[in-house]
Amino acid sequence: MTLHSNDKDDFNKTAKSSYFHLPPLDVSIAFPQATPASTFPPCTSDYFQFDDLLSPEEQAVRLKVRECMEKEVAPVMTKYWEKAEFPFEVVPKLSALRVAGGTIKGFGCPGLSITGSAISMAEIARVDASCSTFILVHSSLAMLTIALCGSEEQKQKYLPSLARLKTIACWALTEPDYGSDASALKTTATKVMGGWILEGQKRWIGNSTFADVLVIFARNTSTNQINGYIVKKDAPGLTVTKIENKIGLRIVQNGDILLKKVFVPDEDRIPGVNSFQDTNKVLAVSRVMVAWQPIGISMGVYDMCHRYLKERKQFGAPLAAFQINQQKLVQMLGNVQAMFLVGWRLCKLYEKGKMTPGHASLGKSWITLKARETVSLGRELLGGNGILANFLVAKAFCDLEPIYTYEGTYDINTLVTGREVTGFASFKPAALSKRSRL
């Protein structure tokens, strides 16, 4: 049936009920039998008492971050996730935690152990994965690049305000045509008098729409090597637009960056980035941090399910009293214990200077795989409420998908470890390789 404009008006007047436009019921009224994630559940996932493995300083960081996230951040996260907007109101609260800058010493940075930094990442992700990605990009990618590869002047100039979250940074490596194959990037940097001209495009760059400082990787047209540059927001020729319609990490503001003859002065060329291998120094640390995000997400999902199963009743008994639900809950709990131990061991290998790229890649890939299983079980346990962001699990389910992919997809990370244990690189099909892999 074709409706003309007058017919549509009549249809709208007659077909819609008088309560069609009423706002939704508050979830506490609509479903009073279980507590939503805005009142975050207590942590019940440390079944093997891994807290004993942490130093007193690391335990203190953990409790401080946990308290802030549960009390200050949890009540507002669902609202911002639904709108896909960034909660600028929580930035001062995150700043007060003094975790931005992670392991960096000096320049106003906290100088945490890598375990302390990882634990703080997990505790943030336990409540909201997007907030942990915001900190990860800012701290473990952008700030760490300046700390490891920047000049003394650059460290003095940029790190103190970044550590206090007075300014925000992003880290731009990925391009539309080069994701897993990032070392083949096409953005160029051409030397001119007094600086460099950047031309190209970046995609999927977290924090980029509001970042004050953009760490950009480009190919030096003279050496054909990848170099690093610090670009300031609103630089002439720089535009950033938000990527819309994401189903995961909706709070994270991923952007498309266009660089059209953007001038970068010589003092903002990062001197320690002279090849893709220098970029890998940063990725080695950040991959450890990324491995702790799904640990935190799984902790939060377990905590939510543990409380929900005790509160929700069917057939005259709490859901926690049914065998199949206990089996799923214990499977989730076992996953969390194993994931935590692998993440902890990665940190210890790094501290001793023994961690290899294969270690980091296996840790990240395996942990995200087990986290996927864990949140899937959690979604099952919550039934219909398992598709509502109000009860955390649906949000965590969606947020885990991009984490499974970024900082090396599951498949690429397995190939990094595979190359290390076999001695054979298998990233390219044999027909495209210059020599046989046999």
# chains A, B, ... in the order shown; residues from 1 in each chain; ligands from 1

call {"tool": "select_by_dssp", "arguments": {"residues": "stretch 156-233 of chain A", "states": "strand (DSSP E or B)", "output": "PyMOL selection string"}}
result
chain A and resi 169-172+175+178+188-192+195-206+213-220+226-232

call {"tool": "write_last_selection", "arguments": {"atoms": "C-alpha atoms", "output": "compact mmCIF listing (two decimals), in the first residue's frame"}}
result
# COMPACT_ATOMS: atom_id res chain seq x y z
CA ALA A 169 47.25 12.50 22.67
CA CYS A 170 46.53 10.02 19.91
CA TRP A 171 48.79 7.65 17.96
CA ALA A 172 48.35 7.32 14.20
CA GLU A 175 45.85 3.60 7.29
CA TYR A 178 47.34 -0.84 5.65
CA THR A 188 54.75 10.53 3.32
CA ALA A 189 57.07 12.99 5.01
CA THR A 190 59.09 15.22 2.70
CA LYS A 191 61.97 17.33 4.00
CA VAL A 192 61.71 21.05 3.40
CA GLY A 195 60.74 21.01 8.80
CA TRP A 196 58.68 18.41 7.00
CA ILE A 197 55.54 18.21 4.85
CA LEU A 198 53.16 15.37 5.70
CA GLU A 199 50.73 14.00 3.11
CA GLY A 200 48.41 11.06 3.59
CA GLN A 201 45.54 9.49 5.44
CA LYS A 202 45.08 7.57 8.70
CA ARG A 203 42.10 5.55 9.92
CA TRP A 204 40.76 4.07 13.16
CA ILE A 205 42.77 6.49 15.28
CA GLY A 206 41.42 6.57 18.83
CA VAL A 213 48.87 16.11 20.26
CA LEU A 214 48.87 13.66 17.36
CA VAL A 215 51.81 11.25 17.00
CA ILE A 216 51.90 10.52 13.26
CA PHE A 217 53.97 7.89 11.46
CA ALA A 218 54.99 8.60 7.87
CA ARG A 219 57.45 7.35 5.28
CA ASN A 220 60.49 9.55 4.78
CA ILE A 226 59.17 5.14 8.68
CA ASN A 227 59.66 8.21 10.89
CA GLY A 228 57.58 9.70 13.69
CA TYR A 229 56.22 13.25 13.96
CA ILE A 230 54.30 15.27 16.53
CA VAL A 231 51.43 17.22 14.96
CA LYS A 232 49.38 19.69 16.98

call {"tool": "residues_around", "arguments": {"residues": "A:Arg379", "least_positions_apart": "3", "cutoff": "10 Å", "atoms": "only C-alpha atoms", "output": "list in words"}}
result
Val301, Cys305, Glu373, Thr374, Val375, Ser376, Leu382, Gly383, Gly384, Asn385, Gly386, Ile387, Leu388, Phe391, Leu392, Val393, Ala394, Lys395, Ala396 and Phe397 of chain A

call {"tool": "closest_residue", "arguments": {"among": "A:Tyr350, A:Phe276, A:Phe88, A:Phe322", "to": "A:Lys166", "atoms": "only C-alpha atoms"}}
result
A:Phe88

call {"tool": "residues_around", "arguments": {"residues": "A:Ser180", "least_positions_apart": "3", "cutoff": "10 Å", "atoms": "only C-alpha atoms", "output": "list in words"}}
result
Thr174, Glu175, Asp177, Ser183, Ala184, Thr405, Tyr406, Glu407, Gly408, Thr409, Asp411, Ile412, Asn413 and Phe427 of chain A

call {"tool": "write_last_selection", "arguments": {"atoms": "C-alpha atoms", "output": "short mmCIF file (atom, residue, chain, number, x, y, z; two decimals), in the first residue's frame"}}
result
data_model
loop_
_atom_site.label_atom_id
_atom_site.label_comp_id
_atom_site.auth_asym_id
_atom_site.auth_seq_id
_atom_site.Cartn_x
_atom_site.Cartn_y
_atom_site.Cartn_z
CA THR A 174 46.98 2.50 10.74
CA GLU A 175 45.85 3.60 7.29
CA ASP A 177 44.91 0.37 2.98
CA SER A 183 54.89 -1.38 7.88
CA ALA A 184 53.85 -0.75 4.26
CA THR A 405 41.29 -7.20 16.43
CA TYR A 406 43.44 -4.17 17.28
CA GLU A 407 47.14 -4.23 18.24
CA GLY A 408 47.40 -7.22 15.92
CA THR A 409 44.46 -9.45 15.06
CA ASP A 411 45.58 -14.42 13.45
CA ILE A 412 48.47 -12.00 12.95
CA ASN A 413 49.59 -12.41 16.55
CA PHE A 427 52.69 -13.51 6.73
#

call {"tool": "atom_distance", "arguments": {"atom1": "atom CA of A:Thr39", "atom2": "atom CA of A:Arg250"}}
result
20.7 Å

call {"tool": "closest_residue", "arguments": {"among": "A:Glu123, A:Glu380, A:Asp212, A:Glu82", "to": "A:Leu165", "atoms": "only C-alpha atoms"}}
result
A:Asp212

call {"tool": "residues_around", "arguments": {"residues": "stretch 286-294 of chain A", "least_positions_apart": "6", "cutoff": "8 Å", "atoms": "only C-alpha atoms", "output": "list in words"}}
result
Ser117, Ala118, Ile119, Met121, Ala122, Ala125, Arg126, Ala129, Ser132, Leu136, Ser140, Leu141, Phe340, Gly343, Leu346, Cys347, Ala360, Ser361, Gly363, Lys364, Ser365, Ile367, Thr368, Ala371, Leu400, Ile403 and Glu407 of chain A

call {"tool": "atom_distance", "arguments": {"atom1": "atom CA of A:Ala320", "atom2": "atom CA of A:Ala74"}}
result
24.4 Å

call {"tool": "closest_residue", "arguments": {"among": "A:Ala142, A:Ala317, A:Leu97, A:Ile124", "to": "A:Arg164", "atoms": "only C-alpha atoms"}}
result
A:Leu97

call {"tool": "closest_residue", "arguments": {"among": "A:Phe50, A:Tyr404, A:Phe86, A:Phe263", "to": "A:Met339", "atoms": "only C-alpha atoms"}}
result
A:Phe50

call {"tool": "atom_distance", "arguments": {"atom1": "atom CA of A:Ser298", "atom2": "atom CA of A:Val336"}}
result
6.5 Å

call {"tool": "residues_around", "arguments": {"residues": "stretch 101-110 of chain A", "least_positions_apart": "4", "cutoff": "9 Å", "atoms": "only C-alpha atoms", "output": "list in words"}}
result
Ile114, Gly116, Ser117, Ala118, Ser120, Ile135, His138, Ser139, Ser140, Met143, Leu144, Ala147, Leu148, Lys155, Gln156, Tyr158, Leu159, Pro160, Ser161, Leu162, Ala163 and Arg164 of chain A

call {"tool": "closest_residue", "arguments": {"among": "A:Glu89, A:Glu420, A:Asp266, A:Asp52", "to": "A:His359", "atoms": "only C-alpha atoms"}}
result
A:Glu420

call {"tool": "select_by_dssp", "arguments": {"residues": "stretch 177-398 of chain A", "states": "helix (DSSP H, G or I)", "output": "number ranges by chain"}}
result
A: 182-184, 266-268, 276-311, 319-321, 323-351, 357-381, 383-387, 389-391, 393-398

call {"tool": "closest_residue", "arguments": {"among": "A:Gln154, A:Gln337, A:Gln33, A:Thr239", "to": "A:Met299", "atoms": "only C-alpha atoms"}}
result
A:Gln337
